[in-house]
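Colleague: I'm passing along data_21.txt; it holds compact mmCIF, C-alpha atoms.
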# COMPACT_ATOMS: atom_id res chain seq x y z
CA MET A 1300 -73.74 211.15 330.08
CA HIS A 1301 -76.34 212.80 327.88
CA LYS A 1302 -77.28 216.43 328.03
CA ALA A 1303 -80.26 217.36 330.14
CA TYR A 1304 -81.23 220.05 327.63
CA SER A 1305 -81.74 220.48 323.90
CA THR A 1306 -79.15 222.74 322.30
CA ALA A 1307 -81.59 223.74 319.54
CA ARG A 1308 -84.36 224.66 321.96
CA VAL A 1309 -82.05 226.64 324.21
CA TYR A 1310 -80.57 228.47 321.21
CA LEU A 1311 -84.10 229.33 320.04
CA ALA A 1312 -84.71 230.81 323.49
CA THR A 1313 -81.65 233.05 323.11
CA ILE A 1314 -82.85 234.18 319.66
CA LEU A 1315 -86.25 235.13 321.05
CA GLY A 1316 -84.61 236.93 323.94
CA ILE A 1317 -82.17 238.96 321.86
CA MET A 1318 -84.90 239.99 319.42
CA PHE A 1319 -86.78 241.51 322.34
CA TYR A 1320 -83.59 243.25 323.39
CA GLY A 1321 -83.64 244.89 319.97
CA VAL A 1322 -87.16 246.05 320.76
CA THR A 1323 -86.01 247.26 324.19
CA PHE A 1324 -83.14 249.29 322.81
CA LEU A 1325 -85.42 251.20 320.43
CA SER A 1326 -88.66 251.16 322.42
CA LEU A 1327 -88.12 254.60 323.93
CA GLY A 1328 -86.64 256.46 320.99
CA THR A 1329 -89.55 255.70 318.67
CA ILE A 1330 -92.22 256.99 321.07
CA LEU A 1331 -90.35 259.66 323.07
CA PRO A 1332 -91.83 262.65 321.17
CA GLN A 1333 -95.35 261.39 321.94
CA LEU A 1334 -94.49 260.81 325.59
CA ILE A 1335 -93.06 264.31 325.97
CA GLU A 1336 -96.37 265.75 324.77
CA VAL A 1337 -98.09 264.01 327.71
CA PHE A 1338 -95.32 264.06 330.34
CA HIS A 1339 -92.82 266.90 330.37
CA GLU A 1340 -90.56 264.74 332.58
CA ALA A 1341 -90.26 262.20 329.75
CA ALA A 1342 -87.28 264.12 328.38
CA MET A 1343 -85.21 262.53 331.17
CA LEU A 1344 -86.21 258.96 330.31
CA PRO A 1345 -83.19 258.15 328.08
CA GLN A 1346 -80.89 258.63 331.08
CA LEU A 1347 -83.05 256.30 333.17
CA LEU A 1348 -82.98 253.70 330.38
CA SER A 1349 -79.17 253.83 330.43
CA ILE A 1350 -79.13 253.42 334.22
CA GLY A 1351 -81.36 250.37 333.91
CA ILE A 1352 -79.21 248.80 331.20
CA ILE A 1353 -76.04 249.32 333.27
CA ALA A 1354 -77.67 247.80 336.35
CA GLY A 1355 -78.88 244.77 334.38
CA THR A 1356 -75.46 244.30 332.82
CA LEU A 1357 -73.73 244.32 336.21
CA VAL A 1358 -76.24 242.01 337.87
CA PHE A 1359 -76.80 239.28 335.29
CA GLY A 1360 -73.33 237.70 335.32
CA PRO A 1361 -72.81 236.83 338.99
CA VAL A 1362 -76.50 235.94 339.50
CA THR A 1363 -76.55 233.71 336.41
CA ASP A 1364 -73.38 231.90 337.42
CA LYS A 1365 -74.87 231.22 340.84
CA PHE A 1366 -78.55 230.51 340.16
CA GLY A 1367 -78.61 229.38 336.54
CA TYR A 1368 -79.75 230.66 333.17
CA LYS A 1369 -83.48 230.01 333.28
CA PHE A 1370 -84.00 232.03 336.45
CA MET A 1371 -82.43 235.23 335.13
CA LEU A 1372 -83.90 234.90 331.64
CA VAL A 1373 -87.43 234.53 332.99
CA MET A 1374 -86.98 237.31 335.55
CA SER A 1375 -85.61 239.71 332.96
CA CYS A 1376 -88.57 239.05 330.68
CA LEU A 1377 -90.98 239.71 333.55
CA PHE A 1378 -89.23 243.03 334.17
CA LEU A 1379 -89.57 243.85 330.47
CA ILE A 1380 -93.26 242.97 330.40
CA ALA A 1381 -93.96 245.14 333.44
CA GLY A 1382 -91.89 247.96 331.97
CA LEU A 1383 -93.55 247.87 328.55
CA LEU A 1384 -97.02 247.91 330.07
CA GLY A 1385 -95.99 250.70 332.42
CA LEU A 1386 -94.67 252.70 329.48
CA ALA A 1387 -97.93 252.17 327.63
CA TYR A 1388 -100.48 252.85 330.37
CA SER A 1389 -98.83 254.97 333.09
CA ARG A 1390 -100.76 258.07 334.06
CA GLU A 1391 -98.18 259.30 336.53
CA ALA A 1392 -94.62 260.29 335.70
CA VAL A 1393 -93.20 258.22 338.56
CA PHE A 1394 -94.68 255.01 337.13
CA LEU A 1395 -93.41 255.96 333.69
CA GLU A 1396 -89.91 256.36 335.10
CA ALA A 1397 -90.14 253.06 336.97
CA GLY A 1398 -91.29 251.36 333.77
CA ILE A 1399 -88.35 252.61 331.72
CA ILE A 1400 -85.86 251.55 334.42
CA MET A 1401 -87.40 248.06 334.37
CA ILE A 1402 -87.14 247.97 330.57
CA GLY A 1403 -83.49 248.97 330.75
CA PHE A 1404 -82.73 246.47 333.51
CA GLY A 1405 -84.47 243.59 331.73
CA GLY A 1406 -82.81 244.48 328.43
CA GLY A 1407 -79.36 244.68 330.03
CA VAL A 1408 -79.82 241.23 331.54
CA ILE A 1409 -81.07 239.68 328.29
CA ASN A 1410 -78.25 241.19 326.23
CA GLY A 1411 -75.58 239.56 328.35
CA GLU A 1412 -77.54 236.47 329.34
CA THR A 1413 -78.16 235.31 325.77
CA SER A 1414 -74.46 235.65 324.89
CA ALA A 1415 -73.47 233.73 328.01
CA ILE A 1416 -75.86 230.91 327.11
CA VAL A 1417 -74.48 230.66 323.56
CA ALA A 1418 -70.94 230.60 324.96
CA LYS A 1419 -72.00 227.73 327.22
CA ILE A 1420 -73.83 225.46 324.79
CA PHE A 1421 -71.56 225.64 321.75
CA GLY A 1422 -67.97 224.52 321.26
CA ASP A 1423 -65.11 226.44 319.68
CA ASP A 1424 -66.01 225.30 316.17
CA LYS A 1425 -69.52 226.79 316.34
CA ARG A 1426 -69.47 229.46 319.02
CA THR A 1427 -68.40 232.54 317.04
CA GLU A 1428 -70.75 231.78 314.15
CA ARG A 1429 -73.69 231.26 316.51
CA MET A 1430 -72.80 234.47 318.36
CA SER A 1431 -72.84 236.32 315.07
CA LEU A 1432 -76.20 234.87 314.09
CA LEU A 1433 -77.55 235.81 317.52
CA GLY A 1434 -76.48 239.40 316.88
CA ALA A 1435 -78.24 239.32 313.52
CA PHE A 1436 -81.51 238.53 315.26
CA TYR A 1437 -80.98 241.54 317.51
CA CYS A 1438 -80.93 243.65 314.34
CA ILE A 1439 -84.06 241.90 313.05
CA GLY A 1440 -85.91 242.68 316.28
CA ALA A 1441 -84.85 246.33 316.11
CA LEU A 1442 -85.89 246.67 312.47
CA LEU A 1443 -89.25 244.96 313.05
CA TRP A 1444 -89.98 247.31 315.95
CA THR A 1445 -89.15 250.34 313.80
CA VAL A 1446 -91.45 249.15 311.02
CA VAL A 1447 -94.34 248.37 313.41
CA CYS A 1448 -94.09 251.77 315.11
CA TRP A 1449 -93.98 253.44 311.70
CA PHE A 1450 -97.29 251.89 310.64
CA VAL A 1451 -99.03 251.97 314.05
CA PRO A 1452 -99.05 255.56 315.34
CA ASP A 1453 -100.69 254.74 318.69
CA TYR A 1454 -97.68 253.61 320.72
CA LYS A 1455 -99.82 251.72 323.24
CA ILE A 1456 -100.69 249.06 320.66
CA PRO A 1457 -97.14 247.92 319.75
CA LEU A 1458 -96.03 248.14 323.39
CA THR A 1459 -98.92 245.96 324.51
CA GLY A 1460 -98.37 243.54 321.63
CA ALA A 1461 -94.69 243.20 322.52
CA ALA A 1462 -95.59 242.52 326.16
CA VAL A 1463 -98.06 239.79 325.17
CA MET A 1464 -95.55 238.12 322.84
CA MET A 1465 -92.93 238.26 325.54
CA ALA A 1466 -95.33 236.58 327.97
CA LEU A 1467 -95.69 233.73 325.48
CA CYS A 1468 -91.89 233.48 325.32
CA VAL A 1469 -91.75 233.22 329.10
CA ILE A 1470 -94.06 230.21 328.91
CA TYR A 1471 -91.69 228.65 326.37
CA PHE A 1472 -88.65 229.39 328.55
CA MET A 1473 -90.35 227.76 331.53
CA SER A 1474 -91.15 224.65 329.53
CA ILE A 1475 -87.59 223.80 328.43
CA LYS A 1476 -84.43 222.80 330.25
CA PHE A 1477 -81.35 225.00 330.32
CA PRO A 1478 -77.75 224.05 331.12
CA SER A 1479 -76.93 224.28 334.81
CA ALA A 1480 -74.89 227.17 336.08
CA ASP A 1481 -71.81 225.05 336.88
CA TYR A 1482 -71.97 222.87 333.78
CA ALA A 1483 -68.45 221.71 333.07
CA GLY A 1484 -68.98 220.98 329.41
CA LYS A 1485 -67.16 217.66 329.09
CA ASP A 1486 -70.27 215.55 329.00
CA ASP A 1487 -71.86 217.75 326.34
CA PRO A 1488 -70.50 217.40 322.81
CA ASP A 1489 -71.91 220.83 321.96
CA THR A 1490 -70.08 222.65 324.74
CA PRO A 1491 -66.35 223.27 325.02
CA ASP A 1492 -64.16 220.68 326.71
CA SER A 1493 -62.13 223.46 328.27
CA ALA A 1494 -62.45 225.02 331.66
CA ASP A 1495 -61.28 228.44 332.61
CA ALA A 1496 -57.82 229.24 333.84
CA GLY A 1497 -56.36 227.21 336.65
CA GLN A 1498 -58.91 224.39 336.43
CA ALA A 1499 -58.53 220.93 334.95
CA THR A 1500 -60.50 220.17 331.84
CA GLY A 1501 -63.81 218.52 332.41
CA ARG A 1502 -63.95 218.99 336.17
CA ARG A 1503 -66.56 220.96 338.00
CA GLY A 1504 -65.47 224.08 339.83
CA LYS A 1505 -66.44 227.58 340.78
CA GLY A 1506 -64.40 229.32 338.11
CA LEU A 1507 -62.28 232.42 338.65
CA SER A 1508 -63.21 235.04 341.20
CA ILE A 1509 -64.30 238.48 340.03
CA GLY A 1510 -60.97 239.90 341.20
CA ALA A 1511 -59.02 237.32 339.19
CA LEU A 1512 -61.16 237.96 336.13
CA LEU A 1513 -60.46 241.70 336.32
CA PHE A 1514 -56.73 240.99 335.99
CA SER A 1515 -57.00 238.29 333.35
CA PRO A 1516 -55.10 239.35 330.18
CA VAL A 1517 -57.64 237.99 327.69
CA LEU A 1518 -60.56 239.67 329.41
CA LEU A 1519 -58.69 242.97 329.75
CA ILE A 1520 -57.65 243.23 326.11
CA CYS A 1521 -61.09 242.15 324.87
CA ALA A 1522 -62.68 244.72 327.17
CA LEU A 1523 -60.33 247.41 325.83
CA VAL A 1524 -61.33 246.72 322.24
CA LEU A 1525 -65.01 246.60 323.18
CA PHE A 1526 -64.60 249.93 325.00
CA PHE A 1527 -63.63 251.62 321.73
CA GLN A 1528 -66.14 249.60 319.72
CA GLY A 1529 -68.88 250.75 322.09
CA GLY A 1530 -67.77 254.31 321.45
CA ILE A 1531 -68.06 253.93 317.68
CA GLU A 1532 -71.40 252.14 317.77
CA GLY A 1533 -73.03 254.51 320.26
CA ALA A 1534 -71.72 257.71 318.75
CA THR A 1535 -72.62 256.67 315.20
CA ALA A 1536 -76.17 255.82 316.24
CA ASN A 1537 -76.65 259.01 318.23
CA PHE A 1538 -74.81 261.71 316.27
CA SER A 1539 -74.75 260.67 312.60
CA LYS A 1540 -78.15 262.23 311.96
CA LEU A 1541 -77.00 265.51 313.50
CA TYR A 1542 -73.76 265.37 311.50
CA TYR A 1543 -75.55 264.93 308.20
CA THR A 1544 -78.19 267.58 308.89
CA SER A 1545 -75.45 270.05 309.89
CA ASN A 1546 -73.91 269.39 306.46
CA GLY A 1547 -77.14 270.21 304.62
CA LEU A 1548 -78.95 266.87 304.40
CA SER A 1549 -82.66 267.02 305.17
CA VAL A 1550 -83.89 265.61 308.48
CA SER A 1551 -86.05 262.99 306.74
CA ASN A 1552 -83.20 261.78 304.50
CA ALA A 1553 -80.79 261.67 307.44
CA SER A 1554 -83.29 259.61 309.45
CA VAL A 1555 -83.74 257.08 306.64
CA ALA A 1556 -79.97 256.91 306.06
CA LEU A 1557 -79.48 256.10 309.74
CA THR A 1558 -81.58 252.93 309.39
CA PHE A 1559 -78.87 251.57 307.07
CA LEU A 1560 -76.61 251.36 310.14
CA THR A 1561 -78.81 248.56 311.49
CA VAL A 1562 -79.25 247.03 308.04
CA GLY A 1563 -75.48 246.96 307.59
CA MET A 1564 -74.98 245.37 310.99
CA LEU A 1565 -77.54 242.71 310.10
CA ALA A 1566 -75.85 242.00 306.77
CA GLY A 1567 -72.41 241.85 308.38
CA ARG A 1568 -73.45 239.39 311.05
CA VAL A 1569 -75.29 237.14 308.61
CA ALA A 1570 -72.30 237.13 306.23
CA MET A 1571 -69.80 236.51 309.00
CA GLY A 1572 -70.68 232.82 309.17
CA TRP A 1573 -69.64 232.47 305.52
CA PHE A 1574 -66.32 234.25 306.14
CA LEU A 1575 -65.53 232.25 309.29
CA LYS A 1576 -65.78 228.99 307.35
CA ARG A 1577 -63.12 230.20 304.91
CA MET A 1578 -60.61 232.19 306.96
CA ALA A 1579 -59.28 232.62 310.49
CA ASP A 1580 -61.35 234.69 312.85
CA VAL A 1581 -58.53 237.24 313.26
CA VAL A 1582 -58.53 237.81 309.48
CA VAL A 1583 -62.30 238.23 309.57
CA LEU A 1584 -61.98 240.72 312.43
CA ILE A 1585 -59.38 242.81 310.58
CA PHE A 1586 -61.45 242.73 307.38
CA TYR A 1587 -64.55 243.97 309.17
CA CYS A 1588 -62.54 246.73 310.90
CA LEU A 1589 -61.30 247.90 307.49
CA VAL A 1590 -64.87 247.97 306.14
CA SER A 1591 -65.95 250.08 309.11
CA LEU A 1592 -63.02 252.46 308.63
CA ALA A 1593 -63.87 252.79 304.93
CA GLY A 1594 -67.40 253.82 305.86
CA ILE A 1595 -66.12 256.44 308.30
CA VAL A 1596 -63.68 257.86 305.73
CA TYR A 1597 -66.45 258.02 303.12
CA MET A 1598 -68.60 259.88 305.67
CA GLN A 1599 -65.92 262.56 305.84
CA ILE A 1600 -65.41 262.72 302.08
CA ASN A 1601 -69.08 262.97 301.10
CA ALA A 1602 -71.74 264.03 303.59
CA LEU A 1603 -73.96 265.94 301.19
CA SER A 1604 -76.07 263.26 299.50
CA PHE A 1605 -78.58 260.75 300.78
CA ILE A 1606 -76.98 257.89 298.81
CA ALA A 1607 -73.53 258.64 300.22
CA ALA A 1608 -74.94 258.81 303.74
CA GLY A 1609 -76.71 255.48 303.29
CA ILE A 1610 -73.54 253.82 301.98
CA SER A 1611 -71.47 255.19 304.87
CA MET A 1612 -73.97 254.00 307.46
CA PHE A 1613 -74.20 250.57 305.85
CA LEU A 1614 -70.41 250.11 305.79
CA ILE A 1615 -69.98 251.27 309.39
CA GLY A 1616 -72.78 248.99 310.57
CA PHE A 1617 -71.38 246.07 308.55
CA GLY A 1618 -67.89 246.51 309.99
CA THR A 1619 -68.74 247.11 313.65
CA GLY A 1620 -71.20 244.21 313.71
CA ALA A 1621 -68.45 241.57 313.80
CA ILE A 1622 -66.46 242.79 316.78
CA CYS A 1623 -68.82 241.81 319.60
CA PRO A 1624 -69.55 238.23 318.42
CA ILE A 1625 -65.88 237.38 317.94
CA LEU A 1626 -64.70 238.86 321.23
CA PHE A 1627 -67.66 237.47 323.17
CA SER A 1628 -66.72 234.08 321.73
CA TYR A 1629 -63.13 234.47 322.96
CA VAL A 1630 -64.28 235.41 326.47
CA GLY A 1631 -67.01 232.77 326.67
CA GLY A 1632 -64.74 230.06 325.31
CA ILE A 1633 -62.06 230.57 327.96
CA TYR A 1634 -64.14 231.37 331.03
CA THR A 1635 -66.74 228.66 330.53
CA ARG A 1636 -67.49 228.12 334.23
CA ASN A 1637 -68.33 231.76 334.90
CA ALA A 1638 -68.99 233.04 331.41
CA GLY A 1639 -71.83 235.17 332.75
CA THR A 1640 -69.59 237.15 335.09
CA ALA A 1641 -66.84 237.50 332.47
CA LEU A 1642 -69.26 238.78 329.85
CA SER A 1643 -70.90 241.04 332.42
CA ILE A 1644 -67.55 242.74 332.95
CA VAL A 1645 -66.67 243.23 329.28
CA ILE A 1646 -70.18 244.43 328.34
CA PHE A 1647 -70.11 246.91 331.21
CA ILE A 1648 -66.78 248.28 329.97
CA ALA A 1649 -68.17 248.48 326.42
CA LEU A 1650 -71.11 250.50 327.75
CA GLY A 1651 -68.60 252.74 329.49
CA GLY A 1652 -66.98 253.49 326.14
CA ASN A 1653 -70.40 254.12 324.65
CA PHE A 1654 -71.30 256.70 327.28
CA LEU A 1655 -67.87 258.32 327.48
CA PHE A 1656 -67.53 258.94 323.75
CA ASN A 1657 -71.15 260.06 323.52
CA HIS A 1658 -70.24 262.71 326.07
CA ILE A 1659 -67.02 263.70 324.28
CA ILE A 1660 -68.64 263.95 320.87
CA GLY A 1661 -71.66 265.74 322.33
CA LYS A 1662 -69.30 268.38 323.70
CA ALA A 1663 -67.60 268.60 320.30
CA PHE A 1664 -70.92 269.32 318.57
CA LEU A 1665 -71.50 272.24 320.97
CA THR A 1666 -68.39 274.05 319.73
CA PRO A 1667 -68.45 276.06 316.45
CA GLY A 1668 -67.49 273.75 313.60
CA GLY A 1669 -67.23 270.87 316.03
CA SER A 1670 -69.29 268.56 313.84
CA GLU A 1671 -66.34 268.40 311.42
CA ASN A 1672 -64.39 266.46 314.07
CA PHE A 1673 -67.02 263.72 314.29
CA PRO A 1674 -65.60 261.47 311.52
CA LEU A 1675 -62.06 262.15 312.76
CA ILE A 1676 -62.89 260.88 316.25
CA LEU A 1677 -64.59 257.79 314.80
CA SER A 1678 -61.59 257.18 312.53
CA GLY A 1679 -59.23 257.35 315.49
CA LEU A 1680 -61.28 254.81 317.44
CA SER A 1681 -61.48 252.51 314.41
CA ILE A 1682 -57.71 252.65 313.86
CA ILE A 1683 -57.09 251.78 317.51
CA ILE A 1684 -59.32 248.70 317.15
CA LEU A 1685 -57.61 247.75 313.88
CA ILE A 1686 -54.17 247.92 315.49
CA THR A 1687 -55.29 246.05 318.61
CA ALA A 1688 -57.21 243.25 316.85
CA PRO A 1689 -54.17 241.02 316.07
CA PHE A 1690 -53.01 241.32 319.69
CA VAL A 1691 -56.42 240.11 320.90
CA TYR A 1692 -56.07 236.96 318.81
CA SER A 1693 -52.44 236.44 319.83
CA VAL A 1694 -53.11 236.88 323.56
CA ALA A 1695 -56.20 234.63 323.49
CA LYS A 1696 -54.35 231.90 321.56
CA SER A 1697 -51.31 232.07 323.85
CA TYR A 1698 -53.46 232.05 326.98
CA ARG A 1699 -55.45 229.01 325.87
CA LYS A 1700 -52.28 227.13 324.90
CA ARG A 1701 -50.58 227.95 328.19
CA ARG A 1702 -53.60 226.69 330.13
CA GLY A 1703 -53.90 223.54 328.07
CA LEU A 1704 -57.13 224.61 326.39
CA LYS A 1705 -58.05 223.84 322.81
How would this structure read if it were set down as structure tokens?
Modeller:
Amino acid sequence: MHKAYSTARVYLATILGIMFYGVTFLSLGTILPQLIEVFHEAAMLPQLLSIGIIAGTLVFGPVTDKFGYKFMLVMSCLFLIAGLLGLAYSREAVFLEAGIIMIGFGGGVINGETSAIVAKIFGDDKRTERMSLLGAFYCIGALLWTVVCWFVPDYKIPLTGAAVMMALCVIYFMSIKFPSADYAGKDDPDTPDSADAGQATGRRGKGLSIGALLFSPVLLICALVLFFQGGIEGATANFSKLYYTSNGLSVSNASVALTFLTVGMLAGRVAMGWFLKRMADVVVLIFYCLVSLAGIVYMQINALSFIAAGISMFLIGFGTGAICPILFSYVGGIYTRNAGTALSIVIFIALGGNFLFNHIIGKAFLTPGGSENFPLILSGLSIIILITAPFVYSVAKSYRKRRGLK
């Protein structure tokens, strides 16, 4: 039986979606100072954005697995459009707050939804590489948004432009076919032949329950690694600028150096396809972890120059950029019937690490000389991931073999 959808068209839809998630993730930070000048309450918006992202992350998996991919992708984009326009034209603080929650919710859905779709439409030989490339387009979207906001000082213009472009994407999403929520994969040469645990290959089924997923060894160990990875990624993005300025670097130089974090992540995810064709994914994962650790160590050794800061940020971004695509590929490749729910769980746990370590490091910066502990905390997290990485591969391989999966 032939596929009812085009893999290329669906993959293009995920690329468009994840690029707008890059815009979502940075939409508030680039315009927050201007918003605070108009609305004093705007200082609380980052917390509301986080609440929205968490809610979207929790919701997308079960809803996607039940109602299908197109429904949630279109709905999330509509939330984003409404949120962006609300952020641009709200005259009351309550509408501004509602807009940022909608942006966070839509972005949280898109972030997980696009990964779930890629896990569904590609087999084991292509999935990790396509996940990595998808992550690269997230970086491209974030960088493009930064550049546009840099050259267009009136924030209403880029926000409106993004909403219009997203509306065009919705039309495209509505015009193409997506895989069905319960697609088994056997009839599609581009999707894995395997089913998740306890189900025969190629048969339709409901997949594992949420309770069973929460106790699945592969999901648990992947979630653990992503918990620490989320801590590194979030803390580096939020506190590196403060760390460098506290060590004497100018605010402008620290801001520019921070952009190399995204550039490094982009480079790492683009290059990962080349590495995956030449070595096992576990070797690639360990290599990228070592690159990230090298960047953190260099941050501690030399925090006084702009060049050193840029190199550190690039190496950290390069190294951390590989972890999510590889682990998402493991999770999506095993739990194919309910990949949305499985990814929803691990992304939620990764966000938990992000928020927890942001809190811990924020407290550290409040203590005298606490900024000196910043690279040490990041090093500890990176070493934990480095030690755990081979176990992730071993557990995933053993689990698939035991269940008769490829």
Colleague: Would you mind reading off the distance between atom CA of A:Pro1361 and atom CA of A:Ser1643, one decimal, in Å?
Modeller: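 Those two atoms sit 8.0 Å apart.
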Colleague: Show which residues sit within 10 Å of stretch 1521-1528 of chain A, as a ChimeraX atom specification. Count only C-alpha atoms, and ignore same-chain residues fewer than 2 positions away.
Modeller: /A:1513,1516-1519,1530-1534,1588,1619-1620,1622-1623,1625-1627,1629-1630,1641-1642,1644-1656,1677,1679-1688,1690-1692,1694-1695
Colleague: Mind pulling up the distance from atom CA of A:Phe1370 to atom CA of A:Gly1460?
Modeller: 23.6 Å
Colleague: From the options A:Gly1422, A:Gly1355, A:Gly1618, A:Pro1345, which residue's atoms come nearest to A:Leu1379, counting all atoms listed in the file?
Modeller: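 Among the listed residues, the smallest separation from A:Leu1379 belongs to A:Gly1355.
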Colleague: For atom CA of A:Lys1425 and atom CA of A:Gly1631, determine how far apart the two atoms are, in Å to one decimal place.
Modeller: 12.2 Å
Colleague: Determine the nearest neighbour of A:Leu1325 from the options A:Ala1441, A:Leu1347, A:Val1417, A:Val1373, counting all atoms listed in the file.
Modeller: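 Under the stated criterion, the closest residue is A:Ala1441.
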Colleague: When you look at A:Ser1604 with a cut-off of 10 Å (counting all atoms listed in the file), what residues show up, excluding the ones that are within fewer than 2 positions of it in the same chain? I need them as a list of chain:residue names.
Modeller: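 Contacts, in chain order: A:Tyr1543, A:Asn1546, A:Gly1547, A:Leu1548, A:Ser1549, A:Asn1552, A:Ala1553, A:Ala1556, A:Asn1601, A:Ala1602, A:Ile1606, A:Ala1607, A:Ala1608, A:Gly1609.
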Colleague: Which residue gives the smallest distance to A:Asn1410 among A:Gly1632, A:Gly1639, A:Gly1563, A:Gly1572, with only C-alpha atoms counted?
Modeller: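 Comparing A:Gly1632, A:Gly1639, A:Gly1563, A:Gly1572 against A:Asn1410, the winner is A:Gly1639.
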